[in-house]
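**Q** My structure is stored as input-v7.cif, with mmCIF, C-alpha atoms and all ligand atoms.
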```cif
data_run
loop_
_atom_site.group_PDB
_atom_site.id
_atom_site.type_symbol
_atom_site.label_atom_id
_atom_site.label_comp_id
_atom_site.auth_asym_id
_atom_site.auth_seq_id
_atom_site.Cartn_x
_atom_site.Cartn_y
_atom_site.Cartn_z
ATOM 1 C CA MET A 930 -9.056 0.549 -15.358
ATOM 2 C CA LYS A 931 -5.929 -1.456 -16.161
ATOM 3 C CA LEU A 932 -4.481 -3.016 -13.020
ATOM 4 C CA LYS A 933 -0.837 -3.802 -12.524
ATOM 5 C CA ILE A 934 0.749 -5.817 -9.771
ATOM 6 C CA ARG A 935 4.435 -5.559 -8.926
ATOM 7 C CA LYS A 936 6.875 -6.161 -6.099
ATOM 8 C CA ILE A 937 7.537 -3.346 -3.652
ATOM 9 C CA GLU A 938 10.386 -0.907 -4.288
ATOM 10 C CA GLN A 939 12.242 1.487 -1.990
ATOM 11 C CA SER A 940 10.093 4.358 -3.273
ATOM 12 C CA ASP A 941 6.933 2.593 -1.961
ATOM 13 C CA ILE A 942 8.068 2.495 1.666
ATOM 14 C CA GLN A 943 6.499 5.829 2.591
ATOM 15 C CA PHE A 944 3.188 4.759 1.016
ATOM 16 C CA VAL A 945 3.131 1.525 3.039
ATOM 17 C CA TYR A 946 4.177 3.349 6.204
ATOM 18 C CA ASP A 947 1.398 5.936 5.801
ATOM 19 C CA CYS A 948 -1.219 3.231 5.150
ATOM 20 C CA GLU A 949 -0.141 1.048 8.090
ATOM 21 C CA ASN A 950 -0.464 3.979 10.469
ATOM 22 C CA LYS A 951 -3.678 5.297 8.968
ATOM 23 C CA TYR A 952 -5.608 2.050 8.629
ATOM 24 C CA PHE A 953 -4.145 -0.172 11.367
ATOM 25 C CA HIS A 954 -2.841 2.388 13.889
ATOM 26 C CA ASN A 955 0.185 0.119 13.965
ATOM 27 C CA PHE A 956 2.745 2.804 14.653
ATOM 28 C CA THR A 957 5.216 0.837 12.595
ATOM 29 C CA THR A 958 8.456 2.472 11.537
ATOM 30 C CA VAL A 959 10.125 3.082 8.202
ATOM 31 C CA GLU A 960 13.063 0.999 9.500
ATOM 32 C CA LYS A 961 10.774 -1.946 10.197
ATOM 33 C CA ILE A 962 9.430 -1.843 6.630
ATOM 34 C CA GLU A 963 12.971 -1.469 5.250
ATOM 35 C CA ASN A 964 13.948 -4.560 7.220
ATOM 36 C CA ASP A 965 10.974 -6.433 5.780
ATOM 37 C CA LEU A 966 12.331 -5.655 2.312
ATOM 38 C CA ILE A 967 15.525 -7.572 3.035
ATOM 39 C CA ASP A 968 13.793 -10.421 4.874
ATOM 40 C CA PRO A 969 13.781 -13.376 2.447
ATOM 41 C CA LEU A 970 10.501 -14.697 3.912
ATOM 42 C CA ILE A 971 8.572 -11.439 3.476
ATOM 43 C CA THR A 972 7.194 -10.169 0.185
ATOM 44 C CA TYR A 973 5.102 -7.103 -0.544
ATOM 45 C CA TYR A 974 3.173 -6.573 -3.749
ATOM 46 C CA ILE A 975 1.772 -3.228 -4.830
ATOM 47 C CA LEU A 976 -1.486 -2.962 -6.764
ATOM 48 C CA GLU A 977 -1.588 0.087 -8.997
ATOM 49 C CA SER A 978 -3.228 1.654 -11.985
ATOM 50 C CA LYS A 979 -2.297 5.285 -12.657
ATOM 51 C CA GLU A 980 -1.762 5.550 -8.903
ATOM 52 C CA LYS A 981 -1.193 3.163 -6.022
ATOM 53 C CA ILE A 982 -4.385 1.343 -5.078
ATOM 54 C CA GLY A 983 -3.130 -0.931 -2.326
ATOM 55 C CA TYR A 984 -0.613 -3.489 -1.167
ATOM 56 C CA ILE A 985 -0.298 -6.889 0.419
ATOM 57 C CA ASN A 986 2.342 -8.129 2.839
ATOM 58 C CA LEU A 987 2.946 -11.879 2.680
ATOM 59 C CA TRP A 988 5.101 -14.282 4.581
ATOM 60 C CA ILE A 989 6.033 -17.142 2.248
ATOM 61 C CA ASP A 990 7.896 -20.249 3.371
ATOM 62 C CA GLU A 991 8.007 -22.979 0.734
ATOM 63 C CA GLU A 992 4.455 -24.339 0.331
ATOM 64 C CA LYS A 993 2.935 -22.172 3.093
ATOM 65 C CA ALA A 994 2.002 -18.505 2.940
ATOM 66 C CA GLN A 995 0.458 -16.091 5.401
ATOM 67 C CA ILE A 996 -1.211 -12.775 4.667
ATOM 68 C CA ASN A 997 0.220 -10.303 7.177
ATOM 69 C CA SER A 998 -1.683 -7.307 5.881
ATOM 70 C CA LEU A 999 -3.829 -6.276 2.958
ATOM 71 C CA VAL A 1000 -4.817 -2.706 2.250
ATOM 72 C CA ILE A 1001 -6.902 -1.028 -0.408
ATOM 73 C CA VAL A 1002 -6.651 2.769 -0.125
ATOM 74 C CA GLU A 1003 -9.950 4.147 1.197
ATOM 75 C CA GLU A 1004 -11.064 5.984 -1.966
ATOM 76 C CA PHE A 1005 -10.742 2.745 -3.992
ATOM 77 C CA ARG A 1006 -12.715 0.459 -1.679
ATOM 78 C CA ASN A 1007 -15.914 -1.395 -2.552
ATOM 79 C CA LYS A 1008 -14.996 -1.492 -6.228
ATOM 80 C CA GLY A 1009 -13.759 -5.086 -6.358
ATOM 81 C CA PHE A 1010 -10.049 -4.251 -6.163
ATOM 82 C CA GLY A 1011 -9.432 -6.289 -3.016
ATOM 83 C CA PHE A 1012 -11.092 -9.294 -4.631
ATOM 84 C CA SER A 1013 -9.144 -8.939 -7.919
ATOM 85 C CA PHE A 1014 -5.896 -8.345 -6.048
ATOM 86 C CA LEU A 1015 -6.269 -11.523 -3.987
ATOM 87 C CA LYS A 1016 -7.119 -13.567 -7.094
ATOM 88 C CA MET A 1017 -3.940 -12.276 -8.779
ATOM 89 C CA ILE A 1018 -1.932 -13.071 -5.660
ATOM 90 C CA PHE A 1019 -3.336 -16.623 -5.564
ATOM 91 C CA ASN A 1020 -2.123 -17.148 -9.151
ATOM 92 C CA ILE A 1021 1.346 -15.886 -8.276
ATOM 93 C CA LEU A 1022 1.480 -18.106 -5.178
ATOM 94 C CA ALA A 1023 0.232 -21.163 -7.082
ATOM 95 C CA GLU A 1024 3.046 -20.675 -9.593
ATOM 96 C CA MET A 1025 5.458 -20.645 -6.649
ATOM 97 C CA ASN A 1026 3.956 -24.004 -5.546
ATOM 98 C CA VAL A 1027 2.357 -22.510 -2.441
ATOM 99 C CA SER A 1028 -0.527 -24.810 -1.493
ATOM 100 C CA GLU A 1029 -1.933 -23.307 1.706
ATOM 101 C CA ILE A 1030 -2.567 -19.768 2.932
ATOM 102 C CA THR A 1031 -3.501 -18.594 6.406
ATOM 103 C CA LEU A 1032 -4.294 -15.241 7.968
ATOM 104 C CA GLU A 1033 -5.617 -13.725 11.150
ATOM 105 C CA VAL A 1034 -8.452 -11.237 11.080
ATOM 106 C CA ARG A 1035 -10.405 -9.335 13.702
ATOM 107 C CA PRO A 1036 -13.992 -10.590 14.079
ATOM 108 C CA SER A 1037 -15.000 -6.896 14.053
ATOM 109 C CA ASN A 1038 -13.433 -6.328 10.611
ATOM 110 C CA PHE A 1039 -16.559 -7.220 8.693
ATOM 111 C CA ALA A 1040 -15.284 -5.963 5.314
ATOM 112 C CA ALA A 1041 -12.103 -8.064 5.482
ATOM 113 C CA LEU A 1042 -13.895 -11.099 6.864
ATOM 114 C CA SER A 1043 -16.463 -10.959 4.042
ATOM 115 C CA LEU A 1044 -13.768 -10.503 1.408
ATOM 116 C CA TYR A 1045 -11.722 -13.438 2.719
ATOM 117 C CA GLU A 1046 -14.803 -15.667 2.813
ATOM 118 C CA LYS A 1047 -15.716 -14.602 -0.714
ATOM 119 C CA VAL A 1048 -12.305 -15.742 -2.017
ATOM 120 C CA GLY A 1049 -12.598 -19.097 -0.248
ATOM 121 C CA PHE A 1050 -11.032 -18.744 3.193
ATOM 122 C CA LYS A 1051 -12.647 -20.721 6.026
ATOM 123 C CA GLN A 1052 -12.519 -19.910 9.740
ATOM 124 C CA VAL A 1053 -10.585 -22.737 11.376
ATOM 125 C CA ALA A 1054 -9.810 -21.427 14.862
ATOM 126 C CA LEU A 1055 -10.293 -18.573 17.291
ATOM 127 C CA ARG A 1056 -7.138 -17.066 18.757
ATOM 128 C CA ARG A 1057 -8.105 -15.533 22.053
ATOM 129 C CA HIS A 1058 -6.735 -12.087 22.979
ATOM 130 C CA TYR A 1059 -4.567 -12.120 19.870
ATOM 131 C CA TYR A 1060 -4.394 -8.365 19.347
ATOM 132 C CA ASN A 1061 -2.785 -5.725 21.551
ATOM 133 C CA ASN A 1062 -6.182 -4.397 22.607
ATOM 134 C CA GLY A 1063 -7.231 -7.873 23.766
ATOM 135 C CA GLU A 1064 -9.452 -8.560 20.762
ATOM 136 C CA ASP A 1065 -9.643 -12.163 19.522
ATOM 137 C CA ALA A 1066 -8.635 -13.179 16.005
ATOM 138 C CA TYR A 1067 -10.128 -15.670 13.613
ATOM 139 C CA LEU A 1068 -7.528 -17.892 12.036
ATOM 140 C CA MET A 1069 -8.565 -18.420 8.419
ATOM 141 C CA TYR A 1070 -7.278 -21.024 6.014
ATOM 142 C CA LYS A 1071 -7.424 -21.638 2.293
ATOM 143 C CA ARG A 1072 -5.980 -24.383 0.140
ATOM 144 C CA LEU A 1073 -4.866 -23.126 -3.215
ATOM 145 C CA GLY A 1074 -6.334 -24.796 -6.237
ATOM 146 C CA ARG A 1075 -9.730 -25.650 -4.739
ATOM 147 C CA ASP A 1076 -12.357 -23.272 -3.360
HETATM 148 C C1 LIG A 1101 -10.730 -5.230 3.565
HETATM 149 C C2 LIG A 1101 -10.401 -4.467 2.288
HETATM 150 C C3 LIG A 1101 -9.015 -4.884 1.794
HETATM 151 C C4 LIG A 1101 -11.456 -4.817 1.223
HETATM 152 O O1 LIG A 1101 -11.049 -4.286 -0.024
HETATM 153 P P1 LIG A 1101 -12.114 -3.794 -1.131
HETATM 154 O O2 LIG A 1101 -11.365 -3.502 -2.380
HETATM 155 O O3 LIG A 1101 -12.952 -2.699 -0.586
HETATM 156 O O4 LIG A 1101 -13.012 -5.097 -1.309
HETATM 157 P P2 LIG A 1101 -13.845 -5.466 -2.612
HETATM 158 O O5 LIG A 1101 -14.489 -4.243 -3.179
HETATM 159 O O6 LIG A 1101 -12.995 -6.279 -3.523
HETATM 160 O O7 LIG A 1101 -15.001 -6.383 -2.011
HETATM 161 C C5 LIG A 1101 -15.031 -7.769 -2.223
HETATM 162 C C6 LIG A 1101 -16.000 -8.393 -1.232
HETATM 163 O O8 LIG A 1101 -15.548 -8.130 0.098
HETATM 164 C C7 LIG A 1101 -16.676 -7.875 0.939
HETATM 165 N N1 LIG A 1101 -16.638 -6.480 1.406
HETATM 166 C C8 LIG A 1101 -15.736 -5.536 1.066
HETATM 167 N N2 LIG A 1101 -15.988 -4.382 1.745
HETATM 168 C C9 LIG A 1101 -17.076 -4.636 2.520
HETATM 169 C C10 LIG A 1101 -17.797 -3.853 3.462
HETATM 170 N N3 LIG A 1101 -17.459 -2.573 3.735
HETATM 171 N N4 LIG A 1101 -18.837 -4.435 4.104
HETATM 172 C C11 LIG A 1101 -19.184 -5.719 3.848
HETATM 173 N N5 LIG A 1101 -18.535 -6.515 2.946
HETATM 174 C C12 LIG A 1101 -17.498 -5.965 2.303
HETATM 175 C C13 LIG A 1101 -17.902 -8.160 0.107
HETATM 176 O O9 LIG A 1101 -18.179 -9.543 0.211
HETATM 177 C C14 LIG A 1101 -17.402 -7.844 -1.286
HETATM 178 O O10 LIG A 1101 -18.085 -8.544 -2.262
HETATM 179 P P3 LIG A 1101 -19.407 -7.857 -2.948
HETATM 180 O O11 LIG A 1101 -18.940 -6.547 -3.493
HETATM 181 O O12 LIG A 1101 -19.794 -8.838 -3.995
HETATM 182 O O13 LIG A 1101 -20.411 -7.689 -1.855
HETATM 183 C C15 LIG A 1101 -10.465 -2.917 2.527
HETATM 184 O O14 LIG A 1101 -11.691 -2.610 3.137
HETATM 185 C C16 LIG A 1101 -9.338 -2.388 3.403
HETATM 186 O O15 LIG A 1101 -8.240 -2.078 2.915
HETATM 187 N N6 LIG A 1101 -9.595 -2.231 4.736
HETATM 188 C C17 LIG A 1101 -8.622 -1.666 5.680
HETATM 189 C C18 LIG A 1101 -7.447 -2.579 5.926
HETATM 190 C C19 LIG A 1101 -7.894 -3.933 6.418
HETATM 191 O O16 LIG A 1101 -8.720 -4.045 7.306
HETATM 192 N N7 LIG A 1101 -7.316 -4.979 5.809
HETATM 193 C C20 LIG A 1101 -7.651 -6.364 6.126
HETATM 194 C C21 LIG A 1101 -6.996 -6.887 7.340
HETATM 195 S S1 LIG A 1101 -5.261 -7.165 7.091
#
```
How does this structure look as structure tokens?
**A**
Amino acid sequence: MKLKIRKIEQSDIQFVYDCENKYFHNFTTVEKIENDLIDPLITYYILESKEKIGYINLWIDEEKAQINSLVIVEEFRNKGFGFSFLKMIFNILAEMNVSEITLEVRPSNFAALSLYEKVGFKQVALRRHYYNNGEDAYLMYKRLGRD
């Protein structure tokens, strides 16, 4: 399957909105995502083949980046797409001279935690009661260029 990665377009907003609500129960709004699209610090990339496979939402500020969300559509999970997607994103970020990436993840999100560890993230801190439901978050960190 040939994978393509590209920046988000207006026509992807509904896809992102549907995924955010389905997989994160975020109750985000279309307006919020539209605002993200004009925020110079926020970038979304879409992973697709014949259809959309997933997306990533990144905050990028000079040499630092943060993964705000990463989604692989349910039917495409456990096939290595999340892993390949992150590797492609690391290459893009390295070309932009980004040298460190952070993210927060729920300790209960075993799939995400395992994926992030597999691509070289390390747990560096625990953020207590980080999420709306009171759940803690692991802060994870990766330097680009060395695993
Ligand atoms: C987390 C997520 C992006 C993983 O994507 P994916 O394409 O299924 O992951 P991959 O197939 O590339 O898996 C890569 C590695 O991640 C880990 N992993 C992925 N899914 C896993 C699962 N269900 N259980 C345990 N480990 C898992 C494994 O280490 C796997 O490597 P392996 O296949 O050699 O064992 C996907 O499950 C998802 O979209 N979840 C909902 C949204 C979410 O929670 N996003 C992350 C927080 S922002």
**Q** Taking into account all atoms listed in the file, which residue in the set A:Ala1023, A:Leu999, A:Met1017, A:Val1048 is nearest to ligand LIG 1101 (chain A)?
**A**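 Under the stated criterion, the closest residue is A:Leu999.
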**Q** For Ile937 in chain A, which of A:Asn950, A:Asn1062, A:Thr972, A:Thr957 is the closest residue, counting all atoms listed in the file?
**A** A:Thr972
**Q** Within 8 Å of ligand LIG 1101 (chain A) (counting all atoms listed in the file), which residues show up? I'd like them as an mmCIF file with C-alpha atoms, in the coordinates of the input.
**A**
```
data_model
loop_
_atom_site.group_PDB
_atom_site.id
_atom_site.type_symbol
_atom_site.label_atom_id
_atom_site.label_comp_id
_atom_site.auth_asym_id
_atom_site.auth_seq_id
_atom_site.Cartn_x
_atom_site.Cartn_y
_atom_site.Cartn_z
ATOM 1 C CA TYR A 952 -5.608 2.050 8.629
ATOM 2 C CA PHE A 953 -4.145 -0.172 11.367
ATOM 3 C CA GLY A 983 -3.130 -0.931 -2.326
ATOM 4 C CA ILE A 996 -1.211 -12.775 4.667
ATOM 5 C CA ASN A 997 0.220 -10.303 7.177
ATOM 6 C CA SER A 998 -1.683 -7.307 5.881
ATOM 7 C CA LEU A 999 -3.829 -6.276 2.958
ATOM 8 C CA VAL A 1000 -4.817 -2.706 2.250
ATOM 9 C CA ILE A 1001 -6.902 -1.028 -0.408
ATOM 10 C CA VAL A 1002 -6.651 2.769 -0.125
ATOM 11 C CA GLU A 1003 -9.950 4.147 1.197
ATOM 12 C CA PHE A 1005 -10.742 2.745 -3.992
ATOM 13 C CA ARG A 1006 -12.715 0.459 -1.679
ATOM 14 C CA ASN A 1007 -15.914 -1.395 -2.552
ATOM 15 C CA LYS A 1008 -14.996 -1.492 -6.228
ATOM 16 C CA GLY A 1009 -13.759 -5.086 -6.358
ATOM 17 C CA PHE A 1010 -10.049 -4.251 -6.163
ATOM 18 C CA GLY A 1011 -9.432 -6.289 -3.016
ATOM 19 C CA PHE A 1012 -11.092 -9.294 -4.631
ATOM 20 C CA SER A 1013 -9.144 -8.939 -7.919
ATOM 21 C CA PHE A 1014 -5.896 -8.345 -6.048
ATOM 22 C CA GLU A 1033 -5.617 -13.725 11.150
ATOM 23 C CA VAL A 1034 -8.452 -11.237 11.080
ATOM 24 C CA ARG A 1035 -10.405 -9.335 13.702
ATOM 25 C CA ASN A 1038 -13.433 -6.328 10.611
ATOM 26 C CA PHE A 1039 -16.559 -7.220 8.693
ATOM 27 C CA ALA A 1040 -15.284 -5.963 5.314
ATOM 28 C CA ALA A 1041 -12.103 -8.064 5.482
ATOM 29 C CA LEU A 1042 -13.895 -11.099 6.864
ATOM 30 C CA SER A 1043 -16.463 -10.959 4.042
ATOM 31 C CA LEU A 1044 -13.768 -10.503 1.408
ATOM 32 C CA TYR A 1045 -11.722 -13.438 2.719
ATOM 33 C CA GLU A 1046 -14.803 -15.667 2.813
ATOM 34 C CA LYS A 1047 -15.716 -14.602 -0.714
#
```
**Q** Run the PyMOL selection byres (((chain A and resi 1067) around 9) and not hetatm) against the file shown and list the residues it catches, as a ChimeraX atom specification.
**A** /A:1032-1036,1042,1052-1057,1065-1066,1068-1069
**Q** Need the axis-aligned box for range 946-956 of chain A with 6 Å each side, so what are the centre and edges in Å to one decimal, as JSON?
**A**
```
{"center_x": -0.7, "center_y": 2.9, "center_z": 9.9, "size_x": 21.8, "size_y": 18.1, "size_z": 21.5}
```
**Q** Under the PyMOL selection byres (((chain A and resi 1019) around 12) and not hetatm), which residues of this model are included? Write them out as a PyMOL selection string.
**A** chain A and resi 985+987+994-996+1012-1018+1020-1030+1048-1050+1071-1076
**Q** Interatomic distance between CA of Arg935 in chain A and CA of Ile975 in chain A?
**A** 5.4 Å
**Q** Quick one: distance from CA of Leu966 in chain A to CA of Tyr1060 in chain A in Å, one decimal?
**A**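 CA of Leu966 in chain A sits 24.0 Å away from CA of Tyr1060 in chain A.
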**Q** Could you tell me how far CA of Tyr974 in chain A sits from CA of Asn1061 in chain A, in Å to one decimal place?
**A**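 Atom-to-atom, CA of Asn1061 in chain A to CA of Tyr974 in chain A, that is 26.0 Å.
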**Q** Looking at A:Glu992, A:Val945, A:His1058, A:Glu977, which one is nearest to Thr958 in chain A, with distances taken over only C-alpha atoms?
**A**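 Residue with the minimum atom-to-atom distance to Thr958 in chain A: A:Val945.
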**Q** Using only C-alpha atoms, can you tell me which of A:Glu1004, A:Glu991, A:Lys979, A:Ile962 comes closest to Asp941 in chain A?
**A**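 Comparing A:Glu1004, A:Glu991, A:Lys979, A:Ile962 against Asp941 in chain A, the winner is A:Ile962.
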**Q** For each of A:Lys933, A:Lys951, A:Lys1051, A:Lys993, take the minimum atom-to-atom distance to Ser978 in chain A, counting all atoms listed in the file, then give the residue where this is smallest.
**A**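 Counting all atoms listed in the file, the residue closest to Ser978 in chain A is A:Lys933.
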